[in-house]
$ cat query_24.cif   # mmCIF, C-alpha atoms
data_work
#
loop_
_atom_site.label_atom_id
_atom_site.label_comp_id
_atom_site.auth_asym_id
_atom_site.auth_seq_id
_atom_site.Cartn_x
_atom_site.Cartn_y
_atom_site.Cartn_z
CA MET A 228 71.58 -91.43 39.37
CA MET A 229 68.99 -94.19 39.70
CA HIS A 230 69.69 -97.22 41.91
CA ALA A 231 68.31 -100.71 41.55
CA PRO A 232 65.48 -101.36 44.02
CA ASP A 233 66.47 -102.98 47.29
CA PRO A 234 64.91 -106.48 47.55
CA ASP A 235 64.34 -105.92 51.26
CA ASP A 236 62.30 -102.80 50.46
CA ALA A 237 60.22 -104.77 47.96
CA THR A 238 59.58 -107.50 50.55
CA GLU A 239 58.53 -104.90 53.09
CA ARG A 240 56.17 -103.28 50.62
CA SER A 241 54.60 -106.56 49.59
CA GLY A 242 53.96 -107.39 53.26
CA LEU A 243 52.12 -104.14 53.99
CA ARG A 244 48.57 -104.86 55.08
CA ILE A 245 45.93 -102.78 53.33
CA VAL A 246 42.63 -101.41 54.62
CA LEU A 247 39.88 -100.23 52.27
CA GLY A 248 37.65 -97.35 53.34
CA LEU A 249 34.53 -97.60 51.19
CA MET A 250 32.41 -94.45 50.93
CA PRO A 251 29.29 -93.39 49.01
CA GLY A 252 30.61 -90.05 47.74
CA LEU A 253 34.17 -88.82 48.30
CA GLY A 254 33.41 -85.50 46.63
CA ASN A 255 31.13 -84.50 49.50
CA SER A 256 32.94 -82.20 51.95
CA PHE A 257 31.43 -84.10 54.86
CA TRP A 258 34.03 -86.86 54.58
CA ASN A 259 37.32 -84.93 54.82
CA VAL A 260 37.53 -84.88 58.63
CA ILE A 261 36.67 -88.57 58.85
CA ILE A 262 39.26 -89.54 56.22
CA ASN A 263 41.97 -87.65 58.12
CA ALA A 264 41.07 -89.33 61.41
CA VAL A 265 41.02 -92.82 59.87
CA GLU A 266 44.35 -92.27 58.10
CA ASP A 267 46.03 -90.99 61.26
CA VAL A 268 45.11 -94.14 63.21
CA LEU A 269 45.93 -96.66 60.48
CA ILE A 270 49.23 -95.09 59.43
CA ARG A 271 50.41 -94.91 63.04
CA ALA A 272 49.55 -98.59 63.37
CA GLY A 273 51.58 -99.44 60.25
CA TYR A 274 48.75 -100.17 57.82
CA GLY A 275 48.24 -98.89 54.31
CA VAL A 276 44.84 -97.36 53.57
CA ILE A 277 42.99 -96.67 50.33
CA PHE A 278 39.59 -95.04 49.89
CA GLY A 279 37.03 -96.11 47.33
CA ASP A 280 33.96 -94.23 46.14
CA THR A 281 30.89 -96.30 45.26
CA ARG A 282 28.78 -93.24 44.38
CA GLN A 283 25.93 -95.59 45.31
CA ASP A 284 26.30 -97.06 41.82
CA PRO A 285 25.67 -100.85 41.59
CA VAL A 286 28.46 -101.26 39.01
CA ARG A 287 31.02 -99.57 41.24
CA GLU A 288 29.74 -101.46 44.28
CA ALA A 289 30.26 -104.75 42.42
CA HIS A 290 33.79 -103.65 41.45
CA TYR A 291 34.77 -103.06 45.08
CA GLU A 292 33.09 -106.28 46.16
CA ARG A 293 35.35 -108.17 43.71
CA LEU A 294 38.38 -106.34 45.11
CA LEU A 295 37.44 -107.34 48.65
CA ARG A 296 36.99 -110.97 47.60
CA SER A 297 40.33 -111.01 45.74
CA GLY A 298 42.46 -111.36 48.88
CA ARG A 299 44.36 -108.13 48.20
CA VAL A 300 42.63 -106.23 51.02
CA ASP A 301 42.98 -107.17 54.69
CA GLY A 302 40.30 -105.07 56.34
CA LEU A 303 37.29 -102.88 55.57
CA ILE A 304 35.80 -99.70 57.01
CA LEU A 305 32.35 -99.38 55.48
CA PHE A 306 30.75 -95.94 55.42
CA ASN A 307 27.02 -95.41 54.98
CA ALA A 308 26.44 -98.36 52.66
CA ARG A 309 23.09 -98.96 51.03
CA PRO A 310 21.03 -101.65 52.83
CA SER A 311 21.21 -103.91 49.78
CA VAL A 312 25.03 -103.79 49.72
CA GLY A 313 26.17 -103.82 53.34
CA PRO A 314 25.22 -107.43 54.20
CA ARG A 315 26.94 -108.79 51.05
CA LEU A 316 30.21 -107.12 52.00
CA LEU A 317 29.98 -108.38 55.57
CA ASP A 318 29.53 -111.92 54.25
CA ILE A 319 33.07 -111.77 52.80
CA GLY A 320 34.36 -112.28 56.33
CA LEU A 321 37.11 -109.65 56.47
CA PRO A 322 37.75 -107.71 59.67
CA THR A 323 35.22 -104.89 59.32
CA THR A 324 33.87 -101.84 61.10
CA VAL A 325 30.91 -99.75 59.95
CA VAL A 326 30.49 -95.98 60.24
CA PHE A 327 26.96 -94.63 59.73
CA GLY A 328 24.13 -96.80 58.53
CA ASP A 329 22.03 -99.35 60.37
CA ILE A 330 23.35 -102.76 59.36
CA PRO A 331 21.12 -105.80 59.94
CA ASP A 332 22.38 -108.33 62.49
CA LEU A 333 24.42 -106.00 64.67
CA ASP A 334 25.83 -109.04 66.47
CA ARG A 335 28.10 -109.50 63.44
CA VAL A 336 30.03 -106.24 63.27
CA PRO A 337 30.87 -103.05 65.24
CA VAL A 338 28.86 -100.01 64.08
CA PHE A 339 29.69 -96.40 64.96
CA GLY A 340 27.24 -93.56 64.41
CA VAL A 341 24.80 -91.08 65.91
CA ASP A 342 21.11 -91.13 66.72
CA ASN A 343 19.86 -89.41 63.58
CA ARG A 344 16.24 -89.57 64.69
CA ASP A 345 16.73 -87.78 68.02
CA ALA A 346 19.18 -85.28 66.51
CA ALA A 347 16.75 -84.32 63.73
CA ALA A 348 13.89 -84.03 66.22
CA THR A 349 16.00 -81.65 68.31
CA ILE A 350 16.72 -79.24 65.46
CA VAL A 351 13.07 -79.19 64.38
CA GLU A 352 11.97 -78.68 67.99
CA TYR A 353 14.28 -75.65 68.09
CA MET A 354 12.52 -74.22 65.02
CA VAL A 355 9.16 -74.86 66.64
CA SER A 356 10.36 -73.05 69.78
CA LEU A 357 10.91 -69.95 67.62
CA GLY A 358 7.28 -70.00 66.48
CA HIS A 359 7.59 -71.96 63.23
CA ARG A 360 4.61 -74.16 62.42
CA ARG A 361 5.06 -74.57 58.68
CA ILE A 362 8.41 -76.41 58.44
CA ALA A 363 9.56 -78.12 55.25
CA HIS A 364 12.08 -80.93 55.02
CA ILE A 365 14.60 -81.66 52.24
CA SER A 366 15.53 -85.30 52.71
CA GLY A 367 18.60 -87.32 51.87
CA PRO A 368 18.52 -90.29 49.45
CA GLU A 369 15.39 -92.37 49.94
CA ASP A 370 17.29 -95.64 50.46
CA ASN A 371 19.80 -94.10 52.91
CA LEU A 372 19.10 -95.28 56.45
CA ASP A 373 20.56 -92.19 58.10
CA ALA A 374 18.31 -90.01 55.93
CA GLN A 375 15.33 -92.15 56.91
CA GLY A 376 16.20 -91.60 60.58
CA ARG A 377 16.30 -87.82 60.06
CA LEU A 378 12.92 -87.90 58.34
CA ARG A 379 11.47 -89.86 61.28
CA GLY A 380 12.92 -87.31 63.71
CA TYR A 381 11.34 -84.50 61.71
CA CYS A 382 7.98 -86.28 61.95
CA ASP A 383 8.48 -86.91 65.69
CA ALA A 384 9.02 -83.21 66.37
CA LEU A 385 5.98 -82.18 64.35
CA ASN A 386 3.84 -84.74 66.13
CA ALA A 387 5.06 -83.62 69.55
CA ALA A 388 4.14 -80.03 68.67
CA GLY A 389 0.71 -80.99 67.34
CA ILE A 390 1.65 -80.00 63.77
CA ALA A 391 0.10 -82.07 60.99
CA TYR A 392 2.51 -83.81 58.62
CA ASP A 393 2.22 -82.41 55.10
CA PRO A 394 3.86 -84.59 52.41
CA GLY A 395 3.67 -81.63 50.03
CA ILE A 396 6.52 -79.89 51.85
CA VAL A 397 8.75 -82.95 52.26
CA TRP A 398 11.02 -82.84 49.24
CA PRO A 399 13.32 -85.71 48.19
CA GLY A 400 16.97 -85.00 47.58
CA GLY A 401 20.54 -86.20 48.00
CA TYR A 402 23.39 -85.07 50.21
CA ASN A 403 24.57 -82.32 47.84
CA PHE A 404 24.16 -78.66 46.84
CA VAL A 405 22.01 -79.51 43.80
CA ALA A 406 19.34 -81.13 45.95
CA GLY A 407 18.93 -77.91 47.90
CA ALA A 408 18.64 -75.81 44.77
CA LYS A 409 16.05 -78.15 43.26
CA ALA A 410 13.98 -78.04 46.44
CA VAL A 411 13.76 -74.26 46.16
CA GLN A 412 11.93 -74.71 42.85
CA ARG A 413 9.24 -76.58 44.78
CA TYR A 414 9.20 -73.87 47.44
CA LEU A 415 8.71 -71.19 44.80
CA ALA A 416 5.94 -73.19 43.13
CA LEU A 417 3.81 -72.87 46.28
CA SER A 418 1.48 -69.98 45.56
CA GLU A 419 0.45 -69.59 49.21
CA ASP A 420 1.14 -70.92 52.70
CA ARG A 421 4.86 -71.27 52.03
CA PRO A 422 7.00 -72.75 54.82
CA THR A 423 8.59 -70.27 57.22
CA ALA A 424 11.41 -72.75 57.92
CA ILE A 425 13.27 -75.52 56.09
CA PHE A 426 15.17 -78.37 57.73
CA ALA A 427 17.70 -79.87 55.31
CA ALA A 428 19.13 -83.36 55.88
CA SER A 429 22.70 -82.14 55.30
CA ASP A 430 24.68 -78.91 55.35
CA GLU A 431 25.41 -79.13 51.63
CA ILE A 432 21.67 -79.37 50.94
CA ALA A 433 21.05 -76.38 53.22
CA ILE A 434 23.76 -74.26 51.58
CA GLY A 435 22.45 -75.11 48.09
CA CYS A 436 18.98 -74.15 49.30
CA ILE A 437 20.08 -70.80 50.76
CA SER A 438 22.03 -69.94 47.60
CA ALA A 439 19.00 -70.60 45.39
CA LEU A 440 16.71 -68.66 47.73
CA ARG A 441 19.04 -65.66 47.59
CA GLU A 442 19.12 -65.81 43.79
CA ALA A 443 15.32 -65.68 43.90
CA GLY A 444 15.46 -62.58 46.11
CA ILE A 445 14.26 -64.37 49.26
CA ASP A 446 16.04 -63.41 52.46
CA VAL A 447 17.34 -65.99 54.92
CA PRO A 448 16.28 -65.81 57.73
CA GLY A 449 14.15 -62.70 57.09
CA VAL A 450 11.57 -64.62 55.05
CA VAL A 451 12.46 -68.27 55.60
CA SER A 452 14.81 -69.94 58.09
CA VAL A 453 17.08 -72.79 56.97
CA ALA A 454 18.94 -75.36 59.10
CA GLY A 455 21.29 -78.16 58.07
CA PHE A 456 22.82 -81.28 59.55
CA ASP A 457 26.48 -82.40 59.83
CA GLY A 458 28.51 -79.41 60.97
CA ILE A 459 30.92 -79.23 58.02
CA ASP A 460 33.60 -76.53 58.29
CA TYR A 461 32.02 -74.37 55.59
CA SER A 462 28.74 -74.10 57.55
CA ALA A 463 30.29 -71.55 59.93
CA MET A 464 31.74 -69.40 57.11
CA TYR A 465 28.73 -69.30 54.81
CA GLU A 466 26.50 -66.21 54.77
CA PRO A 467 24.40 -66.37 56.80
CA PRO A 468 26.27 -68.79 59.09
CA LEU A 469 24.32 -72.03 59.20
CA THR A 470 22.42 -73.44 62.15
CA THR A 471 23.26 -77.13 62.10
CA MET A 472 23.54 -80.39 64.00
CA LEU A 473 27.24 -81.05 64.57
CA GLN A 474 28.27 -84.68 64.15
CA PRO A 475 31.44 -85.90 65.94
CA ARG A 476 33.04 -86.96 62.65
CA ALA A 477 36.68 -87.13 63.76
CA GLU A 478 35.85 -89.20 66.83
CA LEU A 479 33.69 -91.61 64.82
CA GLY A 480 36.49 -92.14 62.30
CA ARG A 481 39.07 -92.61 65.05
CA LEU A 482 36.98 -95.14 66.98
CA ALA A 483 36.17 -97.17 63.86
CA ALA A 484 39.82 -97.28 62.78
CA GLU A 485 41.05 -98.23 66.28
CA ASP A 486 38.51 -101.03 66.46
CA LEU A 487 39.62 -102.34 63.07
CA VAL A 488 43.29 -102.26 64.15
CA ARG A 489 42.38 -104.43 67.14
CA GLN A 490 40.67 -106.93 64.83
CA LEU A 491 43.61 -106.98 62.42
CA GLY A 492 45.85 -107.66 65.43
CA GLY A 493 43.94 -110.84 66.17
CA GLU A 494 41.36 -109.67 68.70
CA PRO A 495 37.75 -110.76 68.11
CA ALA A 496 35.29 -108.18 66.84
CA ARG A 497 33.17 -106.37 69.41
CA PRO A 498 29.79 -106.36 67.66
CA GLY A 499 27.07 -103.87 68.44
CA GLU A 500 26.31 -100.20 67.98
CA THR A 501 28.13 -97.23 69.49
CA ARG A 502 26.24 -93.96 69.20
CA LEU A 503 27.94 -90.66 69.99
CA PRO A 504 26.05 -87.46 70.87
CA CYS A 505 25.57 -84.63 68.37
CA LYS A 506 25.41 -80.92 69.25
CA LEU A 507 22.97 -78.30 68.05
CA VAL A 508 24.96 -75.29 66.84
CA ILE A 509 22.81 -72.16 66.72
CA ARG A 510 23.77 -69.55 64.14
CA GLN A 511 22.10 -66.86 62.04
CA SER A 512 20.34 -68.89 59.33
CA VAL A 513 17.41 -69.60 61.69
CA GLY A 514 15.38 -66.83 63.28
CA PRO A 515 12.04 -66.42 65.02
CA VAL A 516 8.75 -66.00 63.17
CA GLY A 517 7.62 -62.39 62.91
CA ARG A 518 4.27 -60.93 62.04
CA ASP A 519 4.95 -61.29 58.33
CA GLY A 520 7.03 -64.45 58.32
CA ASN A 521 10.44 -64.64 59.91
CA GLY A 522 11.23 -61.41 61.69
CA PRO A 523 14.85 -60.37 62.28
CA ARG A 524 14.10 -59.57 65.91
CA ARG A 525 15.88 -61.34 68.77
CA ARG A 526 14.16 -63.78 71.06
CA ALA A 527 12.74 -62.10 74.11
CA GLY A 528 13.90 -63.21 77.51
CA GLY A 529 16.94 -65.45 77.37
CA GLY A 530 17.22 -68.76 75.55
CA ALA A 531 19.95 -69.89 73.20
CA GLN A 532 21.52 -67.13 71.15
CA PHE A 533 23.70 -66.97 68.04
CA GLY A 534 26.89 -68.95 68.33
CA ASP A 535 25.70 -71.18 71.15
CA THR A 536 26.45 -74.88 70.98
CA VAL A 537 23.84 -76.96 72.78
CA ALA A 538 24.33 -80.68 73.43
CA PHE A 539 21.13 -82.54 72.62
CA ARG A 540 19.34 -85.04 74.86
#
$ encode --input "query_24.cif" --output "structure tokens"
Amino acid sequence: MMHAPDPDDATERSGLRIVLGLMPGLGNSFWNVIINAVEDVLIRAGYGVIFGDTRQDPVREAHYERLLRSGRVDGLILFNARPSVGPRLLDIGLPTTVVFGDIPDLDRVPVFGVDNRDAAATIVEYMVSLGHRRIAHISGPEDNLDAQGRLRGYCDALNAAGIAYDPGIVWPGGYNFVAGAKAVQRYLALSEDRPTAIFAASDEIAIGCISALREAGIDVPGVVSVAGFDGIDYSAMYEPPLTTMLQPRAELGRLAAEDLVRQLGGEPARPGETRLPCKLVIRQSVGPVGRDGNGPRRRAGGGAQFGDTVAFR
């Protein structure tokens, strides 16, 4: 039997304050841990939370900008926004925290992230330490500031090792499986002097790359080593298990949500950037260079071995 709604319940629902978490691609498996951490904090604090997906599409970005300006949303957690979009959303004046992405004028808003440049340099330095000198890079989206930081770190590591930068083995992509598969077409098109290692700007790119290499009959890491970035759950279960840079996703989501709760409670924002350390996780997708490319042999004389987790810098 259905009962008429209780007016007190309706009043309580209408008074629920809502936070919008705005992301560039909810379908990417990278976000699940962050979403869970953000929800846990906001629900415990008594706030409603919805997540929107811009897909880095200007039409969808404009839609969510209108929603934020409508007065129906009380706070914003902004994830990895494009540089052209982030400042416009900050101008709305809602309590806001930012996760990933370098936002201009950091004195306006709290930003939580990692040092992509140093983290990328560390993983490429590890490849160099195994004898790799011909290292390709599959980048993230060109206008993504985190991806730009990872590209700079790749260049830093090459420069430190005295390896010349070769734009012919830096392949543009996006944070998805398809980007990795497309990059393999470029790898296969190289008739000689193919890279012995590939650093991908995300785990999904790396997994797409390994899958396409295997379809082409190319062994990983027997012929070419592949490393990713992010530390998604699937990276440990893929075959071969993926060497990656583990980002502290749950902690970043928790810190951003807790900061937003403080702002919604009337405390002033604490502008500036908080960077958490990443960890290099060494697994089987990266091996040392052998006489004919990547040999399956172990490193001689100590050093990090499979399964080790090494905090960087």
$ closest_residue --input "query_24.cif" --among "A:Ile245, A:Leu507, A:Ala289, A:Ile434" --to "Leu473 in chain A" --atoms "all atoms listed in the file"
A:Leu507
$ residues_around --input "query_24.cif" --residues "Gly340 in chain A" --least-positions-apart "6" --cutoff "10 Å" --atoms "only C-alpha atoms" --output "PDB file with C-alpha atoms, in the frame of the given file"
ATOM      1  CA  PHE A 306      30.750 -95.940  55.420  1.00  0.00           C
ATOM      2  CA  ASN A 307      27.020 -95.410  54.980  1.00  0.00           C
ATOM      3  CA  VAL A 325      30.910 -99.750  59.950  1.00  0.00           C
ATOM      4  CA  VAL A 326      30.490 -95.980  60.240  1.00  0.00           C
ATOM      5  CA  PHE A 327      26.960 -94.630  59.730  1.00  0.00           C
ATOM      6  CA  GLY A 328      24.130 -96.800  58.530  1.00  0.00           C
ATOM      7  CA  ASP A 329      22.030 -99.350  60.370  1.00  0.00           C
ATOM      8  CA  ASP A 373      20.560 -92.190  58.100  1.00  0.00           C
ATOM      9  CA  GLN A 474      28.270 -84.680  64.150  1.00  0.00           C
ATOM     10  CA  PRO A 475      31.440 -85.900  65.940  1.00  0.00           C
ATOM     11  CA  ARG A 476      33.040 -86.960  62.650  1.00  0.00           C
ATOM     12  CA  GLU A 478      35.850 -89.200  66.830  1.00  0.00           C
ATOM     13  CA  LEU A 479      33.690 -91.610  64.820  1.00  0.00           C
ATOM     14  CA  GLY A 480      36.490 -92.140  62.300  1.00  0.00           C
ATOM     15  CA  ALA A 483      36.170 -97.170  63.860  1.00  0.00           C
ATOM     16  CA  GLU A 500      26.310-100.200  67.980  1.00  0.00           C
ATOM     17  CA  THR A 501      28.130 -97.230  69.490  1.00  0.00           C
ATOM     18  CA  ARG A 502      26.240 -93.960  69.200  1.00  0.00           C
ATOM     19  CA  LEU A 503      27.940 -90.660  69.990  1.00  0.00           C
ATOM     20  CA  PRO A 504      26.050 -87.460  70.870  1.00  0.00           C
ATOM     21  CA  CYS A 505      25.570 -84.630  68.370  1.00  0.00           C
TER      22      CYS A 505
END
$ closest_residue --input "query_24.cif" --among "A:Arg344, A:Arg377, A:His359, A:Arg413" --to "Val451 in chain A" --atoms "all atoms listed in the file"
A:His359
$ resolve_selection --input "query_24.cif" --expression "the PyMOL selection byres ((chain A and resi 266) around 9)" --output "list in words"
Ile261, Ile262, Asn263, Ala264, Val265, Asp267, Val268, Leu269, Ile270, Arg271, Gly275, Val276, Gly480, Arg481 and Ala484 of chain A
$ residues_around --input "query_24.cif" --residues "Asn343 in chain A" --least-positions-apart "2" --cutoff "9 Å" --atoms "all atoms listed in the file" --output "PyMOL selection string"
chain A and resi 340-341+345-348+373-380+505
$ closest_residue --input "query_24.cif" --among "A:Ala496, A:Ile365, A:Ala463, A:Leu487" --to "Cys436 in chain A" --atoms "all atoms listed in the file"
A:Ile365
$ resolve_selection --input "query_24.cif" --expression "the PyMOL selection byres ((chain A and resi 459) around 9)" --output "list in words"
Ser256, Phe257, Trp258, Val260, Asp430, Glu431, Phe456, Asp457, Gly458, Asp460, Tyr461, Ser462, Ala463, Thr471, Leu473 and Gln474 of chain A
$ atom_distance --input "query_24.cif" --atom1 "CA of Arg360 in chain A" --atom2 "CA of Ile390 in chain A"
6.7 Å
$ residues_around --input "query_24.cif" --residues "Gln490 in chain A" --least-positions-apart "5" --cutoff "10 Å" --atoms "only C-alpha atoms" --output "VMD selection string"
chain A and resid 302 321 to 324 484 to 485 495 to 497
$ closest_atom_pairs --input "query_24.cif" --of "range 293-352 of chain A" --to "range 278-287 of chain A" --cutoff "9 Å" --atoms "all atoms listed in the file" --output "Markdown table"
| residue | atom | partner | partner_atom | distance |
| --- | --- | --- | --- | --- |
| A:Ala308 | CA | A:Gln283 | CA | 7.9 |
| A:Arg309 | CA | A:Gln283 | CA | 7.2 |
| A:Val312 | CA | A:Pro285 | CA | 8.7 |
$ resolve_selection --input "query_24.cif" --expression "the PyMOL selection byres ((chain A and resi 393) around 12)" --output "ChimeraX atom specification"
/A:360-364,381-382,385-386,390-392,394-398,420-422
$ residues_near_point --input "query_24.cif" --point "(45.2, -111.3, 52.3)" --cutoff "10 Å" --atoms "all atoms listed in the file" --output "NGL selection string"
:A and (242 or 244-245 or 295-302 or 321)
$ atom_distance --input "query_24.cif" --atom1 "CA of Gly358 in chain A" --atom2 "CA of Val516 in chain A"
5.4 Å
$ atom_distance --input "query_24.cif" --atom1 "CA of Glu369 in chain A" --atom2 "CA of Asn255 in chain A"
17.6 Å
$ closest_residue --input "query_24.cif" --among "A:Ala424, A:Pro498, A:Ser311, A:Arg489" --to "Arg335 in chain A" --atoms "only C-alpha atoms"
A:Pro498
$ closest_residue --input "query_24.cif" --among "A:Phe339, A:Tyr402, A:Tyr414, A:Tyr353" --to "Ala428 in chain A" --atoms "only C-alpha atoms"
A:Tyr402
$ closest_residue --input "query_24.cif" --among "A:Ile432, A:Gly517, A:Ala388, A:Phe426" --to "Ser356 in chain A" --atoms "only C-alpha atoms"
A:Ala388
$ axis_aligned_box --input "query_24.cif" --around "range 500-518 of chain A" --padding-each-side "3 Å" --output "AutoDock Vina command-line options"
--center_x 16.2 --center_y -80.6 --center_z 65.1 --size_x 29.9 --size_y 45.3 --size_z 17.5
